[in-house]
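Shown below: work_1.cif, with mmCIF, C-alpha atoms.
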data_run
#
loop_
_atom_site.label_atom_id
_atom_site.label_comp_id
_atom_site.auth_asym_id
_atom_site.auth_seq_id
_atom_site.Cartn_x
_atom_site.Cartn_y
_atom_site.Cartn_z
CA GLU A 22 67.13 60.78 0.31
CA ILE A 23 68.05 61.71 3.88
CA SER A 24 71.29 63.66 3.42
CA LEU A 25 73.00 65.30 0.45
CA THR A 26 76.19 63.22 0.34
CA THR A 27 78.64 63.21 -2.56
CA ALA A 28 77.44 59.69 -3.48
CA VAL A 29 73.84 60.93 -3.68
CA VAL A 30 74.83 63.89 -5.86
CA ASP A 31 76.77 61.60 -8.20
CA GLU A 32 73.72 59.31 -8.40
CA ALA A 33 71.42 62.24 -9.16
CA ILE A 34 73.70 63.47 -11.94
CA ALA A 35 73.99 59.97 -13.40
CA ARG A 36 70.18 59.63 -13.38
CA ASN A 37 69.76 63.07 -14.94
CA ALA A 38 67.59 64.19 -12.01
CA SER A 39 66.21 67.72 -11.96
CA VAL A 40 65.25 67.87 -8.26
CA ILE A 41 66.67 66.29 -5.11
CA VAL A 42 64.35 66.07 -2.12
CA SER A 43 66.86 66.03 0.73
CA TYR A 44 65.23 65.54 4.13
CA HIS A 45 68.16 67.18 5.93
CA PRO A 46 68.89 70.73 4.71
CA PRO A 47 72.44 70.71 3.34
CA ILE A 48 72.99 74.29 4.55
CA PHE A 49 72.51 74.54 8.33
CA ARG A 50 74.55 77.70 8.76
CA GLY A 51 75.01 80.62 6.40
CA LEU A 52 77.77 80.28 3.81
CA LYS A 53 79.95 83.28 3.00
CA ALA A 54 81.30 81.64 -0.14
CA LEU A 55 80.85 78.61 -2.40
CA THR A 56 84.10 76.94 -3.41
CA LEU A 57 85.37 73.46 -4.24
CA LYS A 58 87.36 73.24 -1.00
CA THR A 59 84.74 71.28 1.00
CA PRO A 60 82.66 68.28 -0.07
CA LEU A 61 79.39 70.04 0.83
CA GLN A 62 80.12 73.21 -1.15
CA SER A 63 81.43 71.15 -4.04
CA SER A 64 78.19 69.13 -4.06
CA LEU A 65 76.10 72.30 -4.06
CA LEU A 66 78.09 73.72 -6.97
CA GLN A 67 77.76 70.45 -8.91
CA CYS A 68 73.98 70.56 -8.42
CA ALA A 69 73.87 74.14 -9.64
CA ALA A 70 76.05 73.33 -12.66
CA HIS A 71 73.75 70.44 -13.64
CA GLY A 72 70.54 72.37 -13.04
CA ILE A 73 69.50 70.29 -10.04
CA SER A 74 67.25 71.99 -7.47
CA ILE A 75 67.29 70.90 -3.81
CA TYR A 76 64.24 70.92 -1.56
CA SER A 77 64.44 70.07 2.16
CA PRO A 78 61.13 69.40 3.98
CA HIS A 79 62.77 68.42 7.31
CA SER A 80 60.76 69.95 10.21
CA ALA A 81 57.58 70.31 8.13
CA LEU A 82 57.72 66.60 7.28
CA ASP A 83 58.29 65.77 10.95
CA SER A 84 55.28 67.77 12.09
CA VAL A 85 52.54 67.21 9.49
CA TRP A 86 49.89 64.53 10.07
CA GLY A 87 50.91 61.45 8.11
CA GLY A 88 54.55 62.54 8.19
CA LEU A 89 57.70 61.03 9.62
CA ASN A 90 56.80 61.06 13.32
CA ASP A 91 53.42 59.48 12.56
CA TRP A 92 55.23 56.76 10.62
CA LEU A 93 57.33 56.01 13.69
CA ALA A 94 54.21 56.05 15.86
CA ASP A 95 52.52 53.53 13.54
CA GLY A 96 55.41 51.15 14.19
CA VAL A 97 54.89 51.46 17.94
CA LEU A 98 51.11 50.99 17.74
CA HIS A 99 51.31 47.93 15.48
CA GLY A 100 47.77 48.66 14.30
CA LYS A 101 45.53 51.73 14.58
CA GLU A 102 43.12 49.82 16.80
CA ASN A 103 45.79 49.41 19.49
CA GLY A 104 45.86 53.00 20.74
CA SER A 105 45.99 56.66 19.81
CA ILE A 106 48.52 59.14 18.41
CA SER A 107 48.65 62.81 19.36
CA SER A 108 51.20 65.60 19.01
CA LEU A 109 53.67 65.77 21.87
CA SER A 110 53.59 69.57 22.00
CA GLY A 111 53.09 72.64 19.85
CA ASP A 112 50.13 71.96 17.55
CA LYS A 113 50.56 73.49 14.08
CA VAL A 114 47.40 75.42 13.20
CA SER A 115 46.61 76.73 9.71
CA PRO A 116 45.20 80.24 9.11
CA ASP A 117 41.81 78.53 8.76
CA GLY A 118 42.08 77.15 12.28
CA VAL A 119 42.79 73.55 11.20
CA VAL A 120 45.37 71.61 13.22
CA GLU A 121 47.71 70.26 10.52
CA GLY A 122 50.23 68.56 12.77
CA GLY A 123 52.43 69.17 15.77
CA GLU A 124 55.86 68.69 17.30
CA GLY A 125 56.76 65.10 18.15
CA ARG A 126 54.21 62.40 18.85
CA LEU A 127 52.79 60.73 21.93
CA VAL A 128 51.51 57.18 21.51
CA THR A 129 49.01 56.03 24.14
CA LEU A 130 48.44 52.29 23.99
CA SER A 131 45.01 50.85 24.71
CA SER A 132 46.61 47.95 26.57
CA ALA A 133 50.03 47.96 28.15
CA ILE A 134 52.83 46.00 26.51
CA THR A 135 56.23 45.00 27.87
CA MET A 136 59.46 46.76 26.97
CA SER A 137 60.55 43.58 25.21
CA VAL A 138 57.50 43.68 22.92
CA LEU A 139 58.05 47.39 22.21
CA GLU A 140 61.70 46.81 21.36
CA ASN A 141 60.79 44.07 18.89
CA ARG A 142 58.12 46.23 17.25
CA ILE A 143 60.60 49.05 16.74
CA LYS A 144 63.34 46.79 15.37
CA LYS A 145 60.90 45.23 12.93
CA HIS A 146 59.51 48.59 11.80
CA LEU A 147 62.96 50.12 11.26
CA LYS A 148 64.44 46.87 9.90
CA LEU A 149 67.21 46.91 12.51
CA SER A 150 68.81 43.93 14.22
CA GLN A 151 70.06 46.02 17.15
CA ILE A 152 68.98 49.15 19.01
CA GLN A 153 70.27 50.92 22.11
CA VAL A 154 68.12 50.88 25.24
CA GLY A 155 68.51 52.70 28.53
CA TYR A 156 66.37 51.09 31.23
CA ALA A 157 65.03 53.08 34.15
CA SER A 158 66.13 51.65 37.49
CA SER A 159 63.80 48.71 38.02
CA PRO A 160 64.13 44.93 38.30
CA ASN A 161 63.31 42.90 35.18
CA ALA A 162 63.22 46.06 33.05
CA GLN A 163 62.34 44.22 29.84
CA SER A 164 59.13 43.03 31.52
CA ALA A 165 58.16 46.56 32.57
CA LEU A 166 54.68 47.52 31.32
CA ILE A 167 54.50 50.41 28.85
CA ARG A 168 51.44 52.54 28.07
CA THR A 169 52.91 55.80 26.71
CA VAL A 170 55.75 56.42 24.24
CA ALA A 171 57.07 59.90 23.37
CA ILE A 172 58.57 60.05 19.88
CA CYS A 173 60.87 62.38 17.97
CA ALA A 174 62.65 61.46 14.74
CA GLY A 175 66.38 62.16 14.52
CA SER A 176 67.86 63.93 17.53
CA GLY A 177 65.08 64.17 20.10
CA GLY A 178 66.75 65.14 23.35
CA SER A 179 65.67 68.77 23.46
CA MET A 180 62.08 67.93 22.53
CA LEU A 181 61.62 64.89 24.74
CA THR A 182 63.34 66.00 27.93
CA GLY A 183 60.82 66.69 30.67
CA LYS A 184 57.86 65.17 28.80
CA GLU A 185 55.69 62.66 30.66
CA ALA A 186 55.99 59.20 29.08
CA ASP A 187 57.04 55.68 29.98
CA VAL A 188 59.52 55.58 27.08
CA TYR A 189 61.42 58.09 24.95
CA PHE A 190 61.91 56.78 21.38
CA THR A 191 64.28 58.73 19.12
CA GLY A 192 67.43 58.46 17.05
CA GLU A 193 69.94 59.97 19.44
CA MET A 194 70.24 61.84 22.74
CA SER A 195 73.24 63.23 24.60
CA HIS A 196 74.80 61.31 27.46
CA HIS A 197 73.43 63.68 30.08
CA GLU A 198 69.95 63.72 28.52
CA ILE A 199 69.88 59.92 28.78
CA LEU A 200 71.07 60.04 32.38
CA ALA A 201 68.35 62.54 33.30
CA ALA A 202 65.60 60.53 31.61
CA VAL A 203 66.55 57.20 33.16
CA ALA A 204 66.98 58.79 36.60
CA ALA A 205 63.45 60.23 36.26
CA GLY A 206 62.06 56.75 35.58
CA THR A 207 61.73 56.95 31.80
CA HIS A 208 63.16 54.22 29.56
CA VAL A 209 65.10 55.39 26.49
CA ILE A 210 65.26 53.72 23.06
CA LEU A 211 67.82 55.04 20.57
CA CYS A 212 68.10 53.72 17.01
CA GLY A 213 70.64 56.00 15.30
CA HIS A 214 69.75 59.45 13.95
CA ASP A 215 68.91 58.65 10.34
CA ASN A 216 67.74 55.11 11.10
CA THR A 217 64.59 56.74 12.46
CA GLU A 218 64.15 58.64 9.18
CA ARG A 219 65.30 56.59 6.19
CA GLY A 220 62.55 53.97 6.33
CA TYR A 221 59.96 56.67 5.63
CA LEU A 222 61.43 57.48 2.20
CA PRO A 223 59.35 54.89 0.25
CA ASP A 224 56.20 56.31 1.88
CA LEU A 225 57.24 59.85 0.93
CA ALA A 226 57.96 58.76 -2.63
CA SER A 227 54.52 57.13 -2.84
CA LYS A 228 52.84 60.33 -1.58
CA LEU A 229 54.74 62.42 -4.13
CA ARG A 230 53.76 60.07 -6.95
CA HIS A 231 50.12 60.31 -5.87
CA GLU A 232 50.21 64.12 -5.82
CA LEU A 233 51.86 64.21 -9.25
CA GLU A 234 49.23 61.85 -10.64
CA CYS A 235 46.47 64.11 -9.31
CA GLU A 236 48.13 67.11 -10.96
CA ARG A 237 48.42 65.24 -14.27
CA ASP A 238 44.77 64.15 -14.12
CA ALA A 239 43.68 67.73 -13.47
CA ASP A 240 45.86 69.10 -16.28
CA PRO A 241 46.93 66.46 -18.84
CA GLY A 242 49.08 69.04 -20.60
CA SER A 243 51.02 69.87 -17.45
CA ALA A 244 54.79 70.05 -17.62
CA ILE A 245 55.04 67.45 -14.84
CA THR A 246 53.84 64.69 -17.18
CA GLY A 247 56.53 62.02 -17.27
CA VAL A 248 58.12 63.00 -13.95
CA GLU A 249 59.55 59.97 -12.15
CA VAL A 250 60.09 59.76 -8.38
CA ILE A 251 63.06 57.63 -7.36
CA VAL A 252 64.30 56.70 -3.87
CA SER A 253 68.09 57.04 -3.74
CA GLN A 254 70.06 53.80 -3.64
CA LYS A 255 73.23 55.57 -2.49
CA ASP A 256 71.76 57.18 0.63
CA GLN A 257 72.95 55.01 3.53
CA HIS A 258 73.56 55.11 7.27
CA LEU A 259 77.17 56.26 7.65
CA LEU A 260 78.06 54.26 10.77
CA GLN A 261 78.52 50.51 10.95
CA ILE A 262 78.73 48.15 13.91
CA VAL A 263 82.01 46.16 13.71
#

Rewrite the structure from the file as structure tokens, please.
Amino acid sequence: EISLTTAVVDEAIARNASVIVSYHPPIFRGLKALTLKTPLQSSLLQCAAHGISIYSPHSALDSVWGGLNDWLADGVLHGKENGSISSLSGDKVSPDGVVEGGEGRLVTLSSAITMSVLENRIKKHLKLSQIQVGYASSPNAQSALIRTVAICAGSGGSMLTGKEADVYFTGEMSHHEILAAVAAGTHVILCGHDNTERGYLPDLASKLRHELECERDADPGSAITGVEVIVSQKDQHLLQIV
């Protein structure tokens, strides 16, 4: 699931889960106490009482090759043959010298497409009927030709600002970040913070199942035999358009 809400915790308890993989870390700032006075702390205590561990891959899942930002990039490319994907900045290098990922993604299309085509690709990939778009000052903006798209899942303002690209594609940016981007000639596509993340969950679940199967094959007597990976049905986007 994306966030550790009370509904997700109740679902995990009802399903007798032993681990919750929560993309967003439930603790962003240090806690001086754990009480029942806030929903978050109450959820953490309930997990502890029921023996449920919580793992949050967040930034690592964003950065690794084949992770969340690559999933978003795949939706923009609409086929590997249509261009290339590279890290936007900050390659992540292992101690062995292998580049294992990087911050953000930059999609470079082999052939330019219009903003209208890009918008439809993104809506289809994220299964959204509406997205927010900020057009750079130009006539017939939806017909503008696009070759490069800078991507950051979730809140991408701080990562995207100042990067060279025809379009910034992320979940959310601040008002002034949008103003600066559009004034600099860069189009902005915003889809809602967790709308850029939730669609990756089935892929993550599939990867986890594959890794567990490999572990079971290597050690049939392993304690992970019988482990089931379930995508939460209670994890939902909190905002609705009315």

Check the smallest atom-to-atom distance from each of A:Asp215, A:Ser159, A:Gly125, A:Lys144 to Gly177 of chain A using all atoms listed in the file, then report the winner. A:Gly125

Applied to this file, what does the PyMOL selection byres ((chain A and resi 75) around 6) return in terms of residues, put as a PDB file with C-alpha atoms, in the frame of the given file?
ATOM      1  CA  VAL A  40      65.250  67.870  -8.260  1.00  0.00           C
ATOM      2  CA  ILE A  41      66.670  66.290  -5.110  1.00  0.00           C
ATOM      3  CA  VAL A  42      64.350  66.070  -2.120  1.00  0.00           C
ATOM      4  CA  SER A  74      67.250  71.990  -7.470  1.00  0.00           C
ATOM      5  CA  TYR A  76      64.240  70.920  -1.560  1.00  0.00           C
TER       6      TYR A  76
END

Any idea what's packed within 6 Å of segment 152-156 of chain A, counting only C-alpha atoms, ignoring anything in its chain fewer than 3 positions away? Could you give it as a PyMOL selection string? chain A and resi 208-212

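Nearest residue to Gly183 of chain A among A:Val252, A:Leu109, A:Ile245, A:Leu82 is A:Leu109, counting all atoms listed in the file.
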
Nearest to Glu234 of chain A, restricted to all atoms listed in the file and choosing among A:Thr59, A:Ser253, A:Thr246, A:Thr182, comes out as A:Thr246

With a distance cut-off of 7 Å and only C-alpha atoms, select the neighbouring residues of Gly178 of chain A, excluding the residue or stretch itself and same-chain residues fewer than 6 positions from it, and output the selection as a CSV table (one decimal) with C-alpha atoms, in the frame of the given file.
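New file selection33.csv:
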chain,number,residue,atom,x,y,z
A,194,MET,CA,70.2,61.8,22.7
A,195,SER,CA,73.2,63.2,24.6
A,198,GLU,CA,70.0,63.7,28.5

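Residue neighbourhood of segment 46-54 of chain A, excluding near-sequence residues (fewer than 5 positions): Ile23, Ser24, Leu25, Thr26, Leu61, Gln62, Ser64, Leu65, Ile75, Tyr76, Ser77, Pro78, His79 and Ser80 of chain A, at 10 Å, using all atoms listed in the file.
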
Using C-alpha atoms, can you export the residues from the last selection as an mmCIF file, keeping the file's coordinate frame?
data_model
loop_
_atom_site.group_PDB
_atom_site.id
_atom_site.type_symbol
_atom_site.label_atom_id
_atom_site.label_comp_id
_atom_site.auth_asym_id
_atom_site.auth_seq_id
_atom_site.Cartn_x
_atom_site.Cartn_y
_atom_site.Cartn_z
ATOM 1 C CA ILE A 23 68.050 61.710 3.880
ATOM 2 C CA SER A 24 71.290 63.660 3.420
ATOM 3 C CA LEU A 25 73.000 65.300 0.450
ATOM 4 C CA THR A 26 76.190 63.220 0.340
ATOM 5 C CA LEU A 61 79.390 70.040 0.830
ATOM 6 C CA GLN A 62 80.120 73.210 -1.150
ATOM 7 C CA SER A 64 78.190 69.130 -4.060
ATOM 8 C CA LEU A 65 76.100 72.300 -4.060
ATOM 9 C CA ILE A 75 67.290 70.900 -3.810
ATOM 10 C CA TYR A 76 64.240 70.920 -1.560
ATOM 11 C CA SER A 77 64.440 70.070 2.160
ATOM 12 C CA PRO A 78 61.130 69.400 3.980
ATOM 13 C CA HIS A 79 62.770 68.420 7.310
ATOM 14 C CA SER A 80 60.760 69.950 10.210
#

Resolved residues for the PyMOL selection byres ((chain A and resi 217-233) around 9) as a PyMOL selection string: chain A and resi 22-23+44+88-90+92-93+146-148+173-175+191-192+211-216+234-238+245-246+248-253+256-258

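Every protein, DNA or RNA residue with an atom at most 9 Å from segment 97-105 of chain A, where only C-alpha atoms count and chain neighbours fewer than 3 positions away do not, is listed here: Leu93, Ala94, Leu127, Val128, Thr129, Leu130, Ser131, Ser132, Leu139, Glu140, Arg142, Ile143, His146 and Val170 of chain A.
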
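Here atom CA of Ala162 of chain A stands at a distance of 11.0 Å from atom CA of Gly206 of chain A.
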
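Taking atom CA of Ala35 of chain A and atom CA of Ala69 of chain A as endpoints, the distance between them is 14.7 Å.
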